[in-house]
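Data file: target-v1.pdb. Format and content: PDB, C-alpha atoms.
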MODEL        1
ATOM      1  CA  MET A  30      25.905  18.312  12.061
ATOM      2  CA  VAL A  31      25.469  15.120  14.050
ATOM      3  CA  THR A  32      28.661  13.047  14.456
ATOM      4  CA  ILE A  33      29.482   9.546  15.659
ATOM      5  CA  TYR A  34      30.526  11.129  18.965
ATOM      6  CA  ASP A  35      26.955  12.416  19.436
ATOM      7  CA  VAL A  36      25.571   8.986  18.631
ATOM      8  CA  ALA A  37      28.044   7.348  21.004
ATOM      9  CA  ALA A  38      27.038   9.668  23.836
ATOM     10  CA  ARG A  39      23.309   9.036  23.249
ATOM     11  CA  ALA A  40      23.801   5.260  23.030
ATOM     12  CA  GLY A  41      26.199   5.044  25.973
ATOM     13  CA  VAL A  42      28.962   3.378  23.958
ATOM     14  CA  SER A  43      32.347   4.396  22.596
ATOM     15  CA  PRO A  44      32.779   6.117  19.197
ATOM     16  CA  ALA A  45      34.714   3.026  18.098
ATOM     17  CA  THR A  46      31.643   0.883  18.757
ATOM     18  CA  VAL A  47      29.502   3.220  16.648
ATOM     19  CA  SER A  48      32.034   2.917  13.842
ATOM     20  CA  ARG A  49      32.005  -0.876  14.096
ATOM     21  CA  VAL A  50      28.207  -0.997  13.897
ATOM     22  CA  PHE A  51      28.060   1.090  10.741
ATOM     23  CA  ASN A  52      30.941  -0.774   9.117
ATOM     24  CA  GLY A  53      29.363  -4.176   9.688
ATOM     25  CA  ILE A  54      31.954  -5.347  12.215
ATOM     26  CA  LYS A  55      30.560  -7.778  14.797
ATOM     27  CA  VAL A  56      29.163  -6.052  17.884
ATOM     28  CA  SER A  57      26.864  -7.440  20.581
ATOM     29  CA  PRO A  58      23.181  -7.264  19.579
ATOM     30  CA  ASP A  59      22.198  -4.978  22.464
ATOM     31  CA  ARG A  60      24.834  -2.442  21.448
ATOM     32  CA  VAL A  61      23.767  -2.623  17.806
ATOM     33  CA  ILE A  62      20.193  -1.839  18.835
ATOM     34  CA  ALA A  63      21.305   1.016  21.101
ATOM     35  CA  VAL A  64      23.440   2.566  18.352
ATOM     36  CA  ARG A  65      20.737   2.189  15.662
ATOM     37  CA  LEU A  66      18.100   3.768  17.894
ATOM     38  CA  ALA A  67      20.388   6.633  18.875
ATOM     39  CA  ALA A  68      21.289   7.292  15.242
ATOM     40  CA  ALA A  69      17.612   7.308  14.210
ATOM     41  CA  GLU A  70      16.666   9.654  17.058
ATOM     42  CA  LEU A  71      19.460  12.085  16.167
ATOM     43  CA  GLY A  72      18.979  11.809  12.407
ATOM     44  CA  PHE A  73      22.574  10.633  11.964
ATOM     45  CA  VAL A  74      23.504   9.319   8.523
ATOM     46  CA  PRO A  75      27.038   7.861   8.129
ATOM     47  CA  ASN A  76      29.048   8.441   4.991
ATOM     48  CA  ARG A  77      27.889   5.908   2.407
ATOM     49  CA  ASN A  78      31.314   5.386   0.824
ATOM     50  CA  ALA A  79      32.850   4.535   4.186
ATOM     51  CA  ARG A  80      30.476   1.599   4.531
ATOM     52  CA  ARG A  81      30.974  -0.154   1.206
ATOM     53  CA  LEU A  82      33.000  -2.842   2.990
ATOM     54  CA  ARG A  83      29.628  -4.323   3.957
ATOM     55  CA  THR A  84      29.020  -6.502   0.928
ATOM     56  CA  SER A  85      25.592  -7.470   2.263
ATOM     57  CA  SER A  86      24.497  -3.854   1.913
ATOM     58  CA  SER A  87      24.405  -4.271  -1.866
ATOM     59  CA  GLU A  88      22.140  -7.307  -1.587
ATOM     60  CA  ILE A  89      19.172  -5.816   0.301
ATOM     61  CA  ILE A  90      16.173  -3.898  -1.017
ATOM     62  CA  THR A  91      13.921  -2.157   1.501
ATOM     63  CA  MET A  92      10.182  -2.336   0.780
ATOM     64  CA  MET A  93       8.094   0.185   2.702
ATOM     65  CA  ILE A  94       4.296  -0.181   2.634
ATOM     66  CA  PRO A  95       1.518   1.435   4.701
ATOM     67  CA  ASP A  96      -0.490  -1.673   5.623
ATOM     68  CA  ILE A  97       0.947  -5.177   5.636
ATOM     69  CA  GLU A  98      -2.504  -6.615   6.432
ATOM     70  CA  ASN A  99      -3.981  -5.337   3.167
ATOM     71  CA  PRO A 100      -3.847  -8.108   0.499
ATOM     72  CA  PHE A 101      -3.193  -5.438  -2.121
ATOM     73  CA  PHE A 102       0.183  -4.615  -0.573
ATOM     74  CA  THR A 103       0.900  -8.266   0.174
ATOM     75  CA  VAL A 104       0.541  -9.162  -3.501
ATOM     76  CA  MET A 105       2.647  -6.160  -4.481
ATOM     77  CA  THR A 106       5.415  -7.096  -2.045
ATOM     78  CA  ARG A 107       5.471 -10.710  -3.232
ATOM     79  CA  ALA A 108       5.956  -9.470  -6.794
ATOM     80  CA  VAL A 109       8.877  -7.285  -5.700
ATOM     81  CA  GLU A 110      10.424 -10.249  -3.900
ATOM     82  CA  ASP A 111      10.032 -12.496  -6.963
ATOM     83  CA  ILE A 112      11.965 -10.049  -9.137
ATOM     84  CA  ALA A 113      14.536  -9.180  -6.459
ATOM     85  CA  ARG A 114      15.386 -12.773  -5.524
ATOM     86  CA  ALA A 115      15.817 -13.722  -9.154
ATOM     87  CA  ASP A 116      18.536 -11.079  -9.296
ATOM     88  CA  GLY A 117      20.220 -12.090  -6.041
ATOM     89  CA  TYR A 118      18.616  -9.537  -3.720
ATOM     90  CA  SER A 119      16.736 -10.004  -0.455
ATOM     91  CA  VAL A 120      13.755  -7.833   0.503
ATOM     92  CA  MET A 121      13.417  -6.210   3.917
ATOM     93  CA  LEU A 122       9.797  -5.259   4.638
ATOM     94  CA  CYS A 123       8.791  -2.226   6.705
ATOM     95  CA  ASN A 124       5.199  -1.354   7.685
ATOM     96  CA  THR A 125       4.666   2.412   8.059
ATOM     97  CA  ASP A 126       1.004   2.376   9.191
ATOM     98  CA  GLU A 127       0.490   5.560   7.122
ATOM     99  CA  ASP A 128       2.651   7.340   9.731
ATOM    100  CA  PRO A 129       4.982   9.984   8.189
ATOM    101  CA  VAL A 130       7.211  10.006  11.287
ATOM    102  CA  ARG A 131       7.724   6.243  11.236
ATOM    103  CA  GLU A 132       8.253   6.407   7.487
ATOM    104  CA  GLN A 133      11.068   8.951   7.835
ATOM    105  CA  GLU A 134      12.692   6.840  10.556
ATOM    106  CA  TYR A 135      12.698   3.829   8.249
ATOM    107  CA  LEU A 136      14.113   5.932   5.425
ATOM    108  CA  ARG A 137      16.954   7.177   7.630
ATOM    109  CA  VAL A 138      17.805   3.628   8.662
ATOM    110  CA  ALA A 139      17.671   2.424   5.046
ATOM    111  CA  VAL A 140      20.010   5.173   3.924
ATOM    112  CA  SER A 141      22.447   4.616   6.805
ATOM    113  CA  ASP A 142      22.550   0.824   6.516
ATOM    114  CA  PRO A 143      22.984   1.152   3.458
ATOM    115  CA  VAL A 144      20.653  -0.847   1.247
ATOM    116  CA  ALA A 145      20.876  -1.304  -2.497
ATOM    117  CA  GLY A 146      17.625   0.571  -3.025
ATOM    118  CA  VAL A 147      14.204   1.430  -1.652
ATOM    119  CA  ILE A 148      10.695   0.792  -2.953
ATOM    120  CA  LEU A 149       8.223   2.983  -1.121
ATOM    121  CA  ALA A 150       4.458   3.503  -1.064
ATOM    122  CA  PRO A 151       4.526   7.022   0.426
ATOM    123  CA  SER A 152       2.300   7.772   3.408
ATOM    124  CA  SER A 153       1.453  11.200   1.995
ATOM    125  CA  GLY A 154       2.326  13.622  -0.770
ATOM    126  CA  SER A 155       4.732  15.360   1.611
ATOM    127  CA  THR A 156       7.070  12.361   1.941
ATOM    128  CA  ASP A 157      10.606  13.719   1.608
ATOM    129  CA  LEU A 158      13.121  11.583  -0.274
ATOM    130  CA  SER A 159      15.894  14.170  -0.411
ATOM    131  CA  LEU A 160      18.146  12.337   2.051
ATOM    132  CA  ALA A 161      18.054   9.129   0.009
ATOM    133  CA  VAL A 162      18.766  11.038  -3.199
ATOM    134  CA  GLU A 163      21.632  12.938  -1.575
ATOM    135  CA  ARG A 164      23.148   9.625  -0.440
ATOM    136  CA  ASP A 165      22.736   8.122  -3.918
ATOM    137  CA  VAL A 166      20.322   5.406  -2.771
ATOM    138  CA  PRO A 167      17.987   4.511  -5.663
ATOM    139  CA  VAL A 168      14.303   4.941  -4.816
ATOM    140  CA  VAL A 169      11.147   3.947  -6.667
ATOM    141  CA  CYS A 170       7.753   5.126  -5.447
ATOM    142  CA  VAL A 171       4.882   2.700  -5.985
ATOM    143  CA  ASP A 172       1.111   3.280  -5.824
ATOM    144  CA  ARG A 173       1.640   6.936  -4.823
ATOM    145  CA  HIS A 174       3.865   9.916  -5.593
ATOM    146  CA  ALA A 175       6.195  11.629  -3.129
ATOM    147  CA  ALA A 176       7.429  15.173  -2.735
ATOM    148  CA  GLY A 177      10.568  16.280  -4.565
ATOM    149  CA  PRO A 178      13.152  15.469  -5.626
ATOM    150  CA  ALA A 179      11.623  13.492  -8.469
ATOM    151  CA  VAL A 180      12.224   9.724  -8.502
ATOM    152  CA  ASP A 181      10.940   6.843 -10.610
ATOM    153  CA  THR A 182       7.264   6.182  -9.874
ATOM    154  CA  VAL A 183       4.750   3.510 -10.864
ATOM    155  CA  VAL A 184       1.068   4.004 -10.065
ATOM    156  CA  ALA A 185      -2.361   2.756 -11.051
ATOM    157  CA  ASP A 186      -4.673   5.111 -12.910
ATOM    158  CA  ASN A 187      -6.738   5.823  -9.804
ATOM    159  CA  LEU A 188      -8.658   8.787 -11.160
ATOM    160  CA  MET A 189      -9.912   7.141 -14.346
ATOM    161  CA  GLY A 190     -10.260   3.776 -12.640
ATOM    162  CA  ALA A 191     -12.412   5.207  -9.846
ATOM    163  CA  THR A 192     -14.569   7.113 -12.322
ATOM    164  CA  SER A 193     -15.262   3.953 -14.326
ATOM    165  CA  SER A 194     -15.762   1.887 -11.164
ATOM    166  CA  ALA A 195     -18.215   4.283  -9.545
ATOM    167  CA  ARG A 196     -20.110   4.449 -12.833
ATOM    168  CA  LEU A 197     -20.897   0.741 -12.408
ATOM    169  CA  ALA A 198     -23.390   1.616  -9.672
ATOM    170  CA  TRP A 199     -25.423   3.912 -11.896
ATOM    171  CA  ASP A 200     -25.194   1.409 -14.748
ATOM    172  CA  ALA A 201     -26.707  -1.195 -12.392
ATOM    173  CA  GLY A 202     -29.703   1.046 -11.727
ATOM    174  CA  TYR A 203     -28.712   2.715  -8.454
ATOM    175  CA  ARG A 204     -29.320   6.449  -8.238
ATOM    176  CA  ARG A 205     -28.058   7.832  -4.917
ATOM    177  CA  VAL A 206     -24.467   6.607  -4.740
ATOM    178  CA  ALA A 207     -22.323   7.610  -1.752
ATOM    179  CA  CYS A 208     -18.538   7.586  -1.453
ATOM    180  CA  ILE A 209     -16.364   6.288   1.374
ATOM    181  CA  SER A 210     -12.718   7.130   0.742
ATOM    182  CA  GLY A 211      -9.474   7.131   2.702
ATOM    183  CA  PRO A 212      -7.821   9.979   4.626
ATOM    184  CA  GLU A 213      -7.444  13.416   3.081
ATOM    185  CA  ASN A 214      -4.016  14.175   1.595
ATOM    186  CA  VAL A 215      -3.410  10.499   0.823
ATOM    187  CA  GLU A 216      -2.993  10.515  -2.946
ATOM    188  CA  THR A 217      -4.951   7.361  -3.723
ATOM    189  CA  ALA A 218      -7.828   8.421  -1.462
ATOM    190  CA  ASP A 219      -7.996  11.892  -3.007
ATOM    191  CA  ASP A 220      -7.859  10.582  -6.573
ATOM    192  CA  ARG A 221     -10.549   7.956  -5.970
ATOM    193  CA  TYR A 222     -12.780  10.541  -4.309
ATOM    194  CA  ARG A 223     -12.362  12.808  -7.324
ATOM    195  CA  GLY A 224     -13.142   9.869  -9.606
ATOM    196  CA  TRP A 225     -16.418   9.257  -7.764
ATOM    197  CA  MET A 226     -17.248  12.974  -8.037
ATOM    198  CA  SER A 227     -16.679  12.862 -11.781
ATOM    199  CA  ALA A 228     -18.946   9.814 -12.154
ATOM    200  CA  TYR A 229     -21.625  11.449  -9.998
ATOM    201  CA  ARG A 230     -21.650  14.622 -12.100
ATOM    202  CA  GLU A 231     -21.682  12.603 -15.301
ATOM    203  CA  ALA A 232     -24.575  10.403 -14.154
ATOM    204  CA  THR A 233     -26.759  13.050 -12.520
ATOM    205  CA  GLY A 234     -25.776  16.367 -14.062
ATOM    206  CA  THR A 235     -25.510  17.823 -10.558
ATOM    207  CA  GLU A 236     -22.857  18.405  -7.909
ATOM    208  CA  PRO A 237     -22.571  15.576  -5.345
ATOM    209  CA  PRO A 238     -23.897  16.559  -1.900
ATOM    210  CA  GLU A 239     -21.387  16.657   0.943
ATOM    211  CA  GLU A 240     -23.547  14.375   3.080
ATOM    212  CA  LEU A 241     -22.836  11.476   0.723
ATOM    213  CA  VAL A 242     -19.065  11.633   1.318
ATOM    214  CA  VAL A 243     -17.203  10.147   4.278
ATOM    215  CA  ARG A 244     -13.399  10.280   4.541
ATOM    216  CA  THR A 245     -11.968   7.803   7.027
ATOM    217  CA  ARG A 246      -9.089   5.422   7.718
ATOM    218  CA  TYR A 247      -8.283   2.765   5.118
ATOM    219  CA  THR A 248      -9.492   0.022   7.465
ATOM    220  CA  VAL A 249     -12.408  -2.398   7.820
ATOM    221  CA  THR A 250     -13.497  -0.553  10.960
ATOM    222  CA  GLY A 251     -13.370   2.736   9.086
ATOM    223  CA  GLY A 252     -15.662   1.288   6.432
ATOM    224  CA  GLU A 253     -18.100   0.018   9.054
ATOM    225  CA  GLU A 254     -18.278   3.332  10.898
ATOM    226  CA  ALA A 255     -18.693   5.321   7.681
ATOM    227  CA  THR A 256     -21.501   3.025   6.496
ATOM    228  CA  ARG A 257     -23.412   3.404   9.746
ATOM    229  CA  LYS A 258     -23.120   7.179   9.359
ATOM    230  CA  LEU A 259     -24.504   7.041   5.819
ATOM    231  CA  LEU A 260     -27.364   4.722   6.787
ATOM    232  CA  ALA A 261     -28.365   7.166   9.534
ATOM    233  CA  LEU A 262     -29.017   9.970   7.010
ATOM    234  CA  PRO A 263     -32.642  11.097   6.576
ATOM    235  CA  ASN A 264     -32.239  10.135   2.923
ATOM    236  CA  PRO A 265     -29.618   7.343   2.913
ATOM    237  CA  PRO A 266     -27.830   6.181  -0.245
ATOM    238  CA  ASP A 267     -28.963   3.207  -2.274
ATOM    239  CA  ALA A 268     -25.350   2.325  -3.178
ATOM    240  CA  ILE A 269     -21.856   2.951  -1.801
ATOM    241  CA  PHE A 270     -18.562   3.355  -3.650
ATOM    242  CA  ALA A 271     -15.742   2.131  -1.355
ATOM    243  CA  ALA A 272     -12.310   3.463  -2.313
ATOM    244  CA  ASN A 273     -10.377   0.344  -1.312
ATOM    245  CA  ASN A 274     -10.934  -3.318  -0.481
ATOM    246  CA  LYS A 275     -10.729  -2.963   3.294
ATOM    247  CA  LEU A 276     -13.288  -0.172   3.283
ATOM    248  CA  ALA A 277     -15.547  -2.318   1.080
ATOM    249  CA  SER A 278     -15.240  -5.238   3.500
ATOM    250  CA  GLY A 279     -16.322  -2.912   6.306
ATOM    251  CA  VAL A 280     -19.239  -1.646   4.219
ATOM    252  CA  ILE A 281     -20.523  -5.192   3.618
ATOM    253  CA  ARG A 282     -20.150  -6.093   7.299
ATOM    254  CA  ALA A 283     -22.082  -2.983   8.381
ATOM    255  CA  LEU A 284     -24.829  -3.609   5.833
ATOM    256  CA  ALA A 285     -25.146  -7.209   7.017
ATOM    257  CA  ALA A 286     -25.458  -6.055  10.628
ATOM    258  CA  ALA A 287     -28.166  -3.582   9.602
ATOM    259  CA  GLY A 288     -30.071  -6.154   7.574
ATOM    260  CA  ARG A 289     -29.542  -4.110   4.399
ATOM    261  CA  MET A 290     -27.357  -6.477   2.382
ATOM    262  CA  PRO A 291     -26.762  -6.055  -1.355
ATOM    263  CA  PRO A 292     -28.448  -5.896  -3.751
ATOM    264  CA  GLU A 293     -30.823  -3.798  -1.608
ATOM    265  CA  ILE A 294     -27.896  -1.410  -1.236
ATOM    266  CA  GLY A 295     -25.271  -1.747  -3.929
ATOM    267  CA  VAL A 296     -21.541  -1.779  -3.189
ATOM    268  CA  VAL A 297     -18.658  -0.943  -5.513
ATOM    269  CA  SER A 298     -15.266  -2.108  -4.229
ATOM    270  CA  PHE A 299     -12.255  -0.354  -5.723
ATOM    271  CA  GLY A 300      -9.924  -3.310  -5.261
ATOM    272  CA  GLY A 301     -10.350  -7.081  -5.056
ATOM    273  CA  LEU A 302     -12.086  -8.388  -1.955
ATOM    274  CA  PRO A 303     -10.482 -11.053   0.295
ATOM    275  CA  LEU A 304     -10.988 -14.594  -0.953
ATOM    276  CA  VAL A 305     -12.606 -15.571   2.351
ATOM    277  CA  LEU A 306     -15.363 -13.001   1.839
ATOM    278  CA  LEU A 307     -18.503 -14.313   0.148
ATOM    279  CA  VAL A 308     -19.384 -11.682  -2.443
ATOM    280  CA  PRO A 309     -23.168 -11.289  -2.679
ATOM    281  CA  ALA A 310     -25.165 -10.045  -5.645
ATOM    282  CA  GLY A 311     -25.100  -6.272  -5.869
ATOM    283  CA  VAL A 312     -21.380  -6.028  -5.117
ATOM    284  CA  MET A 313     -19.262  -4.792  -8.016
ATOM    285  CA  VAL A 314     -15.486  -5.217  -7.888
ATOM    286  CA  SER A 315     -12.677  -3.484  -9.782
ATOM    287  CA  HIS A 316      -9.206  -5.004  -9.714
ATOM    288  CA  LEU A 317      -6.116  -2.929  -9.030
ATOM    289  CA  PRO A 318      -2.924  -4.125 -10.758
ATOM    290  CA  ALA A 319      -1.130  -4.952  -7.502
ATOM    291  CA  ARG A 320       1.227  -7.551  -8.950
ATOM    292  CA  GLN A 321       2.090  -5.470 -12.002
ATOM    293  CA  LEU A 322       2.825  -2.508  -9.742
ATOM    294  CA  GLY A 323       5.312  -4.592  -7.743
ATOM    295  CA  LEU A 324       6.921  -6.195 -10.770
ATOM    296  CA  THR A 325       7.321  -2.874 -12.549
ATOM    297  CA  ALA A 326       8.674  -1.080  -9.475
ATOM    298  CA  ALA A 327      11.248  -3.819  -8.832
ATOM    299  CA  THR A 328      12.331  -3.843 -12.468
ATOM    300  CA  MET A 329      12.773  -0.060 -12.506
ATOM    301  CA  LEU A 330      14.732  -0.147  -9.236
ATOM    302  CA  LEU A 331      17.101  -2.844 -10.490
ATOM    303  CA  GLU A 332      17.736  -0.770 -13.608
ATOM    304  CA  ARG A 333      18.816   2.123 -11.377
ATOM    305  CA  ILE A 334      20.918  -0.136  -9.145
ATOM    306  CA  ARG A 335      22.745  -1.369 -12.245
ATOM    307  CA  GLY A 336      23.648   2.202 -13.125
ATOM    308  CA  LEU A 337      20.840   3.532 -15.339
ATOM    309  CA  LYS A 338      20.995   7.320 -15.428
ATOM    310  CA  GLY A 339      18.588   9.888 -16.732
ATOM    311  CA  PRO A 340      15.481  11.782 -15.619
ATOM    312  CA  ALA A 341      12.867  10.319 -13.324
ATOM    313  CA  ARG A 342      10.298   8.109 -15.034
ATOM    314  CA  GLU A 343       6.622   7.423 -14.417
ATOM    315  CA  VAL A 344       4.558   4.370 -15.363
ATOM    316  CA  VAL A 345       0.763   4.484 -15.108
ATOM    317  CA  LEU A 346      -1.027   1.114 -15.142
ATOM    318  CA  PRO A 347      -4.733   0.666 -15.916
ATOM    319  CA  VAL A 348      -7.364  -0.567 -13.470
ATOM    320  CA  VAL A 349      -9.342  -3.619 -14.619
ATOM    321  CA  ILE A 350     -13.053  -2.808 -14.505
ATOM    322  CA  SER A 351     -14.298  -6.388 -14.536
ATOM    323  CA  ASP A 352     -14.603  -9.486 -12.350
ATOM    324  CA  GLU A 353     -11.610 -11.132 -13.993
ATOM    325  CA  ASP A 354      -8.527 -11.705 -11.856
ATOM    326  CA  GLU A 355      -5.589  -9.426 -12.490
ATOM    327  CA  GLY A 356      -2.794 -10.562 -14.773
ATOM    328  CA  LEU A 357       0.233 -12.164 -13.170
ATOM    329  CA  SER A 358       3.003 -11.086 -15.488
ATOM    330  CA  LEU A 359       4.849  -7.865 -16.085
ATOM    331  CA  ILE A 360       3.302  -5.784 -18.832
ATOM    332  CA  GLU A 361       5.629  -6.227 -21.783
ATOM    333  CA  GLY A 362       7.038  -3.097 -23.294
ATOM    334  CA  HIS A 363       6.282  -1.055 -20.197
ATOM    335  CA  SER A 364       8.955   1.396 -21.254
ATOM    336  CA  GLU A 365       6.544   2.625 -23.919
ATOM    337  CA  SER A 366       4.338   3.904 -21.079
ATOM    338  CA  VAL A 367       7.233   5.668 -19.356
ATOM    339  CA  ARG A 368       7.516   9.408 -19.468
ATOM    340  CA  GLY A 369      10.004  11.741 -17.819
ATOM    341  CA  LEU A 370       8.752  13.674 -14.824
TER
ENDMDL
END
Mind converting the file's structure to structure tokens?
Amino acid sequence: MVTIYDVAARAGVSPATVSRVFNGIKVSPDRVIAVRLAAAELGFVPNRNARRLRTSSSEIITMMIPDIENPFFTVMTRAVEDIARADGYSVMLCNTDEDPVREQEYLRVAVSDPVAGVILAPSSGSTDLSLAVERDVPVVCVDRHAAGPAVDTVVADNLMGATSSARLAWDAGYRRVACISGPENVETADDRYRGWMSAYREATGTEPPEELVVRTRYTVTGGEEATRKLLALPNPPDAIFAANNKLASGVIRALAAAGRMPPEIGVVSFGGLPLVLLVPAGVMVSHLPARQLGLTAATMLLERIRGLKGPAREVVLPVVISDEDEGLSLIEGHSESVRGL
């Protein structure tokens, strides 16, 4: 078991300095950084009860998202902040870059700080929340599930939403619809890929060919590269289902560069496109409930912070298959959609 003496040796400070850092007693900034880094490297987690003298610890919520540049997560985070600030909490934002190692480092720091609670969009289905649960730090997963132990979770209905979204391409008259989705083993990417597969089978009565599927990073560049690969096929698609907004932006950029802009090749974006992007004819957009996800996650977390006990809950929010903007208020009566895990 790692002790404060191990941390002190790694950081090059005295054990008393380590104790001061974790009890919120003023220490020079360079020593605070050295101690925090040493503790993270060693996986040291101080006793939570010994740090309750830090009143500020009960006023901070950590928000961990995979991509701060994605407007979807920006909207979600703003919603969390709106709810948290109204209740006297500040939000500390961490960007994981879909990196499980960085994610675990942030989780260790959040647990050792301590914070009032954590809202997390897990980087993968293997994200381990056991340390937070052991230390009695409330956690709510948003947009994706995590590995055990079970915690409160709020997600969009990605499977049904992607099925309905991909179906838009066939409804518009396109017949050979490809799929560009995110990395394998990322829950949202897997679910949206499966949704496209379901729509393909339903529309054609056949199994989708492997050549029409590209799994890549959830980035604009990933969308561009995947589109160029699809256009290079001997029999290229006449439409593309993009599993998130950044992929769709990359698809449109690549089509423009190739002189194959919609509606010549249709595009379905699973997620609202950036406001600065001119959406041409032939682009179909589904809206994910980003704000509702944030509002619901923050509300559920505050309920746990205030002492709510009981089994883990799950809320599943619908995807809006239309060009209307998403609603901006918390779905009333969300508890009716909650079920124990």
When the PyMOL selection byres ((chain A and resi 341) around 12) is applied to the structure above, which residues does it catch, written out as a list of chain:residue names? A:Val162, A:Pro167, A:Val168, A:Val169, A:Cys170, A:His174, A:Gly177, A:Pro178, A:Ala179, A:Val180, A:Asp181, A:Thr182, A:Val183, A:Met329, A:Leu330, A:Arg333, A:Leu337, A:Lys338, A:Gly339, A:Pro340, A:Arg342, A:Glu343, A:Val344, A:Val367, A:Arg368, A:Gly369, A:Leu370
What residues come out when you apply the PyMOL selection byres ((chain A and resi 268) around 8) to this file, written as a VMD selection string? chain A and resid 198 203 to 207 266 to 267 269 to 270 294 to 297
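Atom pair atom CA of Met92 of chain A / atom CA of Thr46 of chain A: separated by 28.2 Å.
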Which residues would end up in the selection if the PyMOL selection byres ((chain A and resi 248) around 12) were applied here, given that I need the answer as a CSV table (one decimal) with C-alpha atoms, keeping the file's coordinate frame?
chain,number,residue,atom,x,y,z
A,95,PRO,CA,1.5,1.4,4.7
A,96,ASP,CA,-0.5,-1.7,5.6
A,97,ILE,CA,0.9,-5.2,5.6
A,98,GLU,CA,-2.5,-6.6,6.4
A,99,ASN,CA,-4.0,-5.3,3.2
A,126,ASP,CA,1.0,2.4,9.2
A,127,GLU,CA,0.5,5.6,7.1
A,209,ILE,CA,-16.4,6.3,1.4
A,210,SER,CA,-12.7,7.1,0.7
A,211,GLY,CA,-9.5,7.1,2.7
A,212,PRO,CA,-7.8,10.0,4.6
A,244,ARG,CA,-13.4,10.3,4.5
A,245,THR,CA,-12.0,7.8,7.0
A,246,ARG,CA,-9.1,5.4,7.7
A,247,TYR,CA,-8.3,2.8,5.1
A,249,VAL,CA,-12.4,-2.4,7.8
A,250,THR,CA,-13.5,-0.6,11.0
A,251,GLY,CA,-13.4,2.7,9.1
A,252,GLY,CA,-15.7,1.3,6.4
A,253,GLU,CA,-18.1,0.0,9.1
A,254,GLU,CA,-18.3,3.3,10.9
A,255,ALA,CA,-18.7,5.3,7.7
A,271,ALA,CA,-15.7,2.1,-1.4
A,272,ALA,CA,-12.3,3.5,-2.3
A,273,ASN,CA,-10.4,0.3,-1.3
A,274,ASN,CA,-10.9,-3.3,-0.5
A,275,LYS,CA,-10.7,-3.0,3.3
A,276,LEU,CA,-13.3,-0.2,3.3
A,277,ALA,CA,-15.5,-2.3,1.1
A,278,SER,CA,-15.2,-5.2,3.5
A,279,GLY,CA,-16.3,-2.9,6.3
A,280,VAL,CA,-19.2,-1.6,4.2
Rounded to one decimal in Å, what is the spacing between atom CA of Arg173 of chain A and atom CA of Val215 of chain A?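 Computing it gives 8.4 Å between the two atoms.
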